[in-house]
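Engineer: Just entry.txt, nothing more (compact mmCIF, N, CA and C atoms):
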# COMPACT_ATOMS: atom_id res chain seq x y z
N MET I 176 107.19 204.58 17.46
CA MET I 176 108.33 203.94 16.82
C MET I 176 109.01 204.98 15.93
N ARG I 177 110.31 205.12 16.11
CA ARG I 177 111.10 206.04 15.29
C ARG I 177 111.55 205.29 14.05
N LEU I 178 111.21 205.79 12.88
CA LEU I 178 111.55 205.13 11.63
C LEU I 178 112.89 205.61 11.07
N ALA I 179 113.04 206.92 10.93
CA ALA I 179 114.23 207.49 10.31
C ALA I 179 115.48 207.15 11.10
N GLY I 180 116.45 206.57 10.42
CA GLY I 180 117.72 206.24 11.04
C GLY I 180 117.73 204.96 11.84
N SER I 181 116.58 204.33 12.04
CA SER I 181 116.51 203.10 12.82
C SER I 181 116.81 201.89 11.95
N HIS I 182 117.40 200.88 12.57
CA HIS I 182 117.73 199.63 11.88
C HIS I 182 116.63 198.60 12.16
N PHE I 183 116.12 197.99 11.09
CA PHE I 183 115.02 197.03 11.18
C PHE I 183 115.45 195.67 10.65
N VAL I 184 115.06 194.62 11.37
CA VAL I 184 115.27 193.24 10.96
C VAL I 184 113.90 192.58 10.96
N LEU I 185 113.62 191.77 9.95
CA LEU I 185 112.34 191.06 9.84
C LEU I 185 112.54 189.59 10.16
N THR I 186 111.54 189.00 10.83
CA THR I 186 111.59 187.57 11.07
C THR I 186 110.22 186.96 10.82
N GLY I 187 110.21 185.86 10.10
CA GLY I 187 108.97 185.18 9.77
C GLY I 187 108.39 185.66 8.45
N PRO I 188 107.42 184.90 7.92
CA PRO I 188 106.77 185.29 6.67
C PRO I 188 105.85 186.48 6.90
N MET I 189 106.06 187.55 6.17
CA MET I 189 105.31 188.79 6.37
C MET I 189 104.09 188.85 5.45
N LYS I 190 102.97 189.27 6.02
CA LYS I 190 101.75 189.46 5.24
C LYS I 190 101.80 190.75 4.44
N MET I 191 102.63 191.67 4.85
CA MET I 191 102.75 192.97 4.21
C MET I 191 103.22 192.84 2.75
N GLY I 192 103.94 191.76 2.47
CA GLY I 192 104.44 191.53 1.12
C GLY I 192 105.82 190.90 1.16
N PRO I 193 106.43 190.78 -0.01
CA PRO I 193 107.77 190.20 -0.05
C PRO I 193 108.78 191.11 0.65
N ARG I 194 109.86 190.53 1.11
CA ARG I 194 110.87 191.30 1.84
C ARG I 194 111.43 192.45 1.01
N SER I 195 111.54 192.24 -0.29
CA SER I 195 112.05 193.32 -1.15
C SER I 195 111.12 194.55 -1.07
N PHE I 196 109.81 194.32 -1.02
CA PHE I 196 108.86 195.42 -0.90
C PHE I 196 108.98 196.08 0.47
N ILE I 197 109.05 195.28 1.53
CA ILE I 197 109.14 195.82 2.89
C ILE I 197 110.45 196.60 3.05
N LYS I 198 111.53 196.08 2.50
CA LYS I 198 112.81 196.78 2.53
C LYS I 198 112.67 198.15 1.88
N MET I 199 112.03 198.21 0.72
CA MET I 199 111.83 199.50 0.03
C MET I 199 110.99 200.45 0.88
N GLU I 200 109.96 199.93 1.54
CA GLU I 200 109.10 200.77 2.39
C GLU I 200 109.88 201.31 3.59
N ILE I 201 110.67 200.47 4.22
CA ILE I 201 111.49 200.90 5.36
C ILE I 201 112.46 202.00 4.92
N GLU I 202 113.11 201.79 3.79
CA GLU I 202 114.07 202.78 3.30
C GLU I 202 113.37 204.05 2.83
N ARG I 203 112.18 203.93 2.28
CA ARG I 203 111.43 205.10 1.81
C ARG I 203 111.12 206.07 2.96
N VAL I 204 110.90 205.52 4.16
CA VAL I 204 110.58 206.37 5.32
C VAL I 204 111.83 206.70 6.15
N GLY I 205 113.01 206.38 5.60
CA GLY I 205 114.26 206.76 6.26
C GLY I 205 114.89 205.71 7.15
N GLY I 206 114.29 204.52 7.20
CA GLY I 206 114.85 203.45 8.01
C GLY I 206 115.92 202.69 7.26
N ILE I 207 116.58 201.78 7.96
CA ILE I 207 117.65 200.97 7.40
C ILE I 207 117.26 199.51 7.59
N PHE I 208 117.24 198.75 6.50
CA PHE I 208 116.91 197.33 6.54
C PHE I 208 118.19 196.54 6.73
N ASP I 209 118.18 195.62 7.68
CA ASP I 209 119.31 194.72 7.90
C ASP I 209 118.82 193.27 7.80
N PRO I 210 119.61 192.39 7.20
CA PRO I 210 119.18 191.00 7.06
C PRO I 210 119.30 190.16 8.33
N ARG I 211 120.14 190.61 9.28
CA ARG I 211 120.30 189.81 10.51
C ARG I 211 120.38 190.71 11.74
N THR I 212 120.09 190.12 12.87
CA THR I 212 120.08 190.83 14.15
C THR I 212 121.51 191.09 14.61
N THR I 213 121.82 192.37 14.85
CA THR I 213 123.15 192.76 15.31
C THR I 213 123.01 193.82 16.39
N LYS I 214 124.13 194.29 16.90
CA LYS I 214 124.12 195.34 17.91
C LYS I 214 123.52 196.64 17.38
N ARG I 215 123.46 196.80 16.06
CA ARG I 215 122.86 198.00 15.47
C ARG I 215 121.34 197.91 15.40
N THR I 216 120.77 196.73 15.56
CA THR I 216 119.33 196.54 15.40
C THR I 216 118.56 197.34 16.45
N ASP I 217 117.62 198.15 15.97
CA ASP I 217 116.72 198.89 16.86
C ASP I 217 115.40 198.14 17.03
N TYR I 218 114.89 197.58 15.92
CA TYR I 218 113.59 196.92 15.93
C TYR I 218 113.67 195.57 15.23
N LEU I 219 113.23 194.54 15.93
CA LEU I 219 113.08 193.22 15.33
C LEU I 219 111.59 193.03 15.09
N VAL I 220 111.20 193.03 13.83
CA VAL I 220 109.79 192.98 13.44
C VAL I 220 109.38 191.52 13.30
N VAL I 221 108.41 191.11 14.12
CA VAL I 221 107.93 189.73 14.14
C VAL I 221 106.68 189.63 13.28
N SER I 222 106.66 188.66 12.41
CA SER I 222 105.55 188.44 11.49
C SER I 222 104.21 188.36 12.23
N SER I 223 103.18 188.94 11.62
CA SER I 223 101.85 188.87 12.23
C SER I 223 101.29 187.45 12.18
N SER I 224 101.91 186.58 11.38
CA SER I 224 101.45 185.19 11.33
C SER I 224 102.28 184.27 12.22
N ALA I 225 103.16 184.86 13.04
CA ALA I 225 103.96 184.05 13.96
C ALA I 225 103.07 183.44 15.04
N SER I 226 103.50 182.34 15.55
CA SER I 226 102.77 181.69 16.63
C SER I 226 102.65 182.64 17.82
N LYS I 227 101.51 182.64 18.49
CA LYS I 227 101.35 183.50 19.65
C LYS I 227 102.28 183.09 20.79
N HIS I 228 102.93 181.94 20.65
CA HIS I 228 103.84 181.44 21.69
C HIS I 228 105.31 181.71 21.35
N TRP I 229 105.57 182.58 20.34
CA TRP I 229 106.95 182.77 19.91
C TRP I 229 107.84 183.27 21.03
N ARG I 230 107.30 184.01 21.99
CA ARG I 230 108.13 184.54 23.08
C ARG I 230 108.59 183.46 24.05
N THR I 231 107.89 182.33 24.08
CA THR I 231 108.23 181.32 25.08
C THR I 231 108.68 179.99 24.51
N THR I 232 108.33 179.68 23.26
CA THR I 232 108.68 178.35 22.77
C THR I 232 109.26 178.29 21.37
N HIS I 233 108.89 179.16 20.48
CA HIS I 233 109.28 179.03 19.08
C HIS I 233 110.29 180.09 18.67
N PHE I 234 111.52 179.96 19.15
CA PHE I 234 112.54 180.95 18.84
C PHE I 234 113.25 180.59 17.55
N GLY I 235 113.45 181.59 16.71
CA GLY I 235 114.35 181.46 15.58
C GLY I 235 115.66 182.11 15.97
N THR I 236 116.65 182.03 15.11
CA THR I 236 117.96 182.58 15.47
C THR I 236 117.92 184.10 15.61
N LYS I 237 117.10 184.78 14.82
CA LYS I 237 117.01 186.24 14.95
C LYS I 237 116.41 186.63 16.30
N ILE I 238 115.39 185.92 16.73
CA ILE I 238 114.76 186.21 18.02
C ILE I 238 115.71 185.86 19.16
N GLU I 239 116.39 184.72 19.04
CA GLU I 239 117.36 184.34 20.09
C GLU I 239 118.45 185.40 20.23
N ARG I 240 118.97 185.86 19.09
CA ARG I 240 120.03 186.88 19.14
C ARG I 240 119.48 188.19 19.71
N GLY I 241 118.26 188.55 19.35
CA GLY I 241 117.64 189.75 19.90
C GLY I 241 117.52 189.68 21.41
N MET I 242 117.11 188.54 21.91
CA MET I 242 116.97 188.37 23.36
C MET I 242 118.33 188.46 24.05
N GLU I 243 119.36 187.89 23.43
CA GLU I 243 120.71 187.99 23.99
C GLU I 243 121.15 189.46 24.06
N LEU I 244 120.90 190.20 22.99
CA LEU I 244 121.31 191.61 22.97
C LEU I 244 120.58 192.43 24.03
N ILE I 245 119.30 192.16 24.22
CA ILE I 245 118.54 192.85 25.27
C ILE I 245 119.14 192.54 26.64
N GLN I 246 119.48 191.27 26.87
CA GLN I 246 120.08 190.88 28.15
C GLN I 246 121.43 191.55 28.36
N GLU I 247 122.12 191.86 27.25
CA GLU I 247 123.41 192.55 27.34
C GLU I 247 123.26 194.05 27.51
N GLY I 248 122.00 194.54 27.47
CA GLY I 248 121.76 195.95 27.70
C GLY I 248 121.47 196.78 26.46
N HIS I 249 121.39 196.13 25.30
CA HIS I 249 121.08 196.88 24.09
C HIS I 249 119.60 197.24 24.06
N ARG I 250 119.27 198.32 23.37
CA ARG I 250 117.91 198.85 23.39
C ARG I 250 117.03 198.30 22.27
N LEU I 251 117.33 197.15 21.77
CA LEU I 251 116.53 196.50 20.75
C LEU I 251 115.11 196.28 21.26
N ARG I 252 114.13 196.48 20.37
CA ARG I 252 112.73 196.23 20.74
C ARG I 252 112.11 195.26 19.75
N PHE I 253 111.31 194.34 20.27
CA PHE I 253 110.50 193.47 19.42
C PHE I 253 109.21 194.21 19.12
N VAL I 254 108.83 194.27 17.84
CA VAL I 254 107.57 194.90 17.45
C VAL I 254 106.85 193.98 16.47
N SER I 255 105.56 194.11 16.42
CA SER I 255 104.78 193.29 15.49
C SER I 255 104.83 193.89 14.09
N GLU I 256 104.57 193.04 13.13
CA GLU I 256 104.45 193.50 11.75
C GLU I 256 103.37 194.58 11.65
N ASN I 257 102.27 194.40 12.39
CA ASN I 257 101.19 195.38 12.38
C ASN I 257 101.65 196.74 12.89
N ALA I 258 102.55 196.75 13.87
CA ALA I 258 103.08 198.01 14.39
C ALA I 258 103.93 198.72 13.34
N LEU I 259 104.69 197.95 12.57
CA LEU I 259 105.48 198.55 11.49
C LEU I 259 104.57 199.16 10.43
N VAL I 260 103.53 198.42 10.04
CA VAL I 260 102.57 198.93 9.05
C VAL I 260 101.94 200.23 9.55
N ALA I 261 101.54 200.25 10.81
CA ALA I 261 100.91 201.45 11.39
C ALA I 261 101.88 202.62 11.42
N ALA I 262 103.13 202.38 11.76
CA ALA I 262 104.13 203.45 11.83
C ALA I 262 104.40 204.03 10.43
N ILE I 263 104.48 203.18 9.43
CA ILE I 263 104.69 203.66 8.06
C ILE I 263 103.47 204.46 7.60
N SER I 264 102.29 203.96 7.91
CA SER I 264 101.06 204.67 7.54
C SER I 264 100.99 206.03 8.22
N ALA I 265 101.33 206.09 9.52
CA ALA I 265 101.31 207.35 10.25
C ALA I 265 102.33 208.32 9.64
N HIS I 266 103.49 207.83 9.28
CA HIS I 266 104.52 208.66 8.64
C HIS I 266 103.96 209.25 7.34
N ASP I 267 103.31 208.41 6.54
CA ASP I 267 102.76 208.87 5.26
C ASP I 267 101.68 209.93 5.49
N ASN I 268 100.85 209.74 6.50
CA ASN I 268 99.79 210.72 6.79
C ASN I 268 100.37 212.05 7.27
N GLU I 269 101.46 212.00 8.01
CA GLU I 269 102.11 213.22 8.51
C GLU I 269 102.78 214.01 7.39
N THR I 270 103.25 213.31 6.37
CA THR I 270 104.01 213.98 5.31
C THR I 270 103.12 214.42 4.15
N ARG I 271 101.83 214.20 4.25
CA ARG I 271 100.92 214.63 3.18
C ARG I 271 100.55 216.06 3.33
What is this file in C-alpha cells?
Structural biologist:
Amino acid sequence: MRLAGSHFVLTGPMKMGPRSFIKMEIERVGGIFDPRTTKRTDYLVVSSSASKHWRTTHFGTKIERGMELIQEGHRLRFVSENALVAAISAHDNETR
C-alpha cells in the first residue's frame, strides 16, 4: 500500500482510535484524509469490526460509492483497517 500522496477514506467504527487520531496518522506518513468517497479516493479503509458480509449485504454509502467508482474504472481499493495499521507500522520501521 502506497501511503504518501494517497487519498484515504474511512468507513465504520475504527478500533485504531478516533478519526481525528487516524487522520493525524495518515497525514504524518504523507497520506491525505478525505471524509467521503470521491474520484480522488485511492483507499477505502473498512473497519476491522465491520460485518464479514459487508461485501455482499451491508453496504454504507461510502462502500456503495466506492463500488460505483471501481465499476467506472477508477483504481480505488478496499483495504482493511488492519492493513492500514500494518502499512503505517512498516513505514515507521523503514524510517527509523
Engineer: Could you find all residues in chain I that DSSP calls helix (DSSP H, G or I) from the backbone, and write them as a PyMOL selection string?
Structural biologist: chain I and resi 194-203+236-246+256-269
Engineer: Quick one, how far is atom CA of I:Leu178 from atom CA of I:Arg240?
Structural biologist: 21.5 Å
Engineer: When DSSP works through the backbone of this structure, what residues of chain I end up as strand (DSSP E or B), shown as a list in words?
Structural biologist: His182, Phe183, Val184, Leu185, Thr186, Ile207, Phe208, Tyr218, Leu219, Val220, Val221, Arg252, Phe253, Val254 and Ser255 of chain I
Engineer: Only N, CA and C atoms, please: the residues just picked out, written as a JSON list (two decimals), in the coordinates of the input.
Structural biologist:
[["chain", "number", "residue", "atom", "x", "y", "z"],
["I", 182, "HIS", "N", 117.40, 200.88, 12.57],
["I", 182, "HIS", "CA", 117.73, 199.63, 11.88],
["I", 182, "HIS", "C", 116.63, 198.60, 12.16],
["I", 183, "PHE", "N", 116.12, 197.99, 11.09],
["I", 183, "PHE", "CA", 115.02, 197.03, 11.18],
["I", 183, "PHE", "C", 115.45, 195.67, 10.65],
["I", 184, "VAL", "N", 115.06, 194.62, 11.37],
["I", 184, "VAL", "CA", 115.27, 193.24, 10.96],
["I", 184, "VAL", "C", 113.90, 192.58, 10.96],
["I", 185, "LEU", "N", 113.62, 191.77, 9.95],
["I", 185, "LEU", "CA", 112.34, 191.06, 9.84],
["I", 185, "LEU", "C", 112.54, 189.59, 10.16],
["I", 186, "THR", "N", 111.54, 189.00, 10.83],
["I", 186, "THR", "CA", 111.59, 187.57, 11.07],
["I", 186, "THR", "C", 110.22, 186.96, 10.82],
["I", 207, "ILE", "N", 116.58, 201.78, 7.96],
["I", 207, "ILE", "CA", 117.65, 200.97, 7.40],
["I", 207, "ILE", "C", 117.26, 199.51, 7.59],
["I", 208, "PHE", "N", 117.24, 198.75, 6.50],
["I", 208, "PHE", "CA", 116.91, 197.33, 6.54],
["I", 208, "PHE", "C", 118.19, 196.54, 6.73],
["I", 218, "TYR", "N", 114.89, 197.58, 15.92],
["I", 218, "TYR", "CA", 113.59, 196.92, 15.93],
["I", 218, "TYR", "C", 113.67, 195.57, 15.23],
["I", 219, "LEU", "N", 113.23, 194.54, 15.93],
["I", 219, "LEU", "CA", 113.08, 193.22, 15.33],
["I", 219, "LEU", "C", 111.59, 193.03, 15.09],
["I", 220, "VAL", "N", 111.20, 193.03, 13.83],
["I", 220, "VAL", "CA", 109.79, 192.98, 13.44],
["I", 220, "VAL", "C", 109.38, 191.52, 13.30],
["I", 221, "VAL", "N", 108.41, 191.11, 14.12],
["I", 221, "VAL", "CA", 107.93, 189.73, 14.14],
["I", 221, "VAL", "C", 106.68, 189.63, 13.28],
["I", 252, "ARG", "N", 114.13, 196.48, 20.37],
["I", 252, "ARG", "CA", 112.73, 196.23, 20.74],
["I", 252, "ARG", "C", 112.11, 195.26, 19.75],
["I", 253, "PHE", "N", 111.31, 194.34, 20.27],
["I", 253, "PHE", "CA", 110.50, 193.47, 19.42],
["I", 253, "PHE", "C", 109.21, 194.21, 19.12],
["I", 254, "VAL", "N", 108.83, 194.27, 17.84],
["I", 254, "VAL", "CA", 107.57, 194.90, 17.45],
["I", 254, "VAL", "C", 106.85, 193.98, 16.47],
["I", 255, "SER", "N", 105.56, 194.11, 16.42],
["I", 255, "SER", "CA", 104.78, 193.29, 15.49],
["I", 255, "SER", "C", 104.83, 193.89, 14.09]]
Engineer: Hey, what's within 12 Å of I:Arg177 if we count only C-alpha atoms and toss same-chain stuff fewer than 2 positions away? As a ChimeraX atom specification, please?
Structural biologist: /I:179-183,201,204-207,217-218,252,254,258-259,261-263,265-266
Engineer: Quick one: of I:Ser255, I:Ser222, I:Asp267, I:Arg215, who's nearest to I:Arg194, counting only C-alpha atoms?
Structural biologist: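 With only C-alpha atoms as the atom set, the closest residue is I:Ser222.
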Engineer: Hey, which of I:Val260, I:Val221, I:Gly241, I:Met199 ends up closest to I:Gly187? Count only N, CA and C atoms.
Structural biologist: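 Once distances to I:Gly187 are computed over only N, CA and C atoms, the minimum belongs to I:Val221.
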Engineer: What is the atom N of I:Ser224-atom C of I:Glu247 distance in Å, reported with one decimal?
Structural biologist: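 That distance, rounded to one decimal, is 27.8 Å.
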Engineer: Could you state the separation of atom C of I:Pro188 and atom CA of I:Glu243 in Å, given to one decimal place?
Structural biologist: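 Computing it gives 22.7 Å between the two atoms.
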Engineer: For a quick check of understanding, using only N, CA and C atoms, which of I:Ile238, I:Thr216, I:Glu256, I:Asp209 has the smallest distance to I:Met191?
Structural biologist: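 With only N, CA and C atoms as the atom set, the closest residue is I:Glu256.
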Engineer: Can you tell me, as AutoDock Vina command-line options, the centre and edge lengths (Å, one decimal) of the axis-aligned box enclosing all of stretch 195-206 of chain I's listed atoms after padding each side by 6 Å?
Structural biologist:
--center_x 112.4 --center_y 199.5 --center_z 3.4 --size_x 19.1 --size_y 26.5 --size_z 21.2
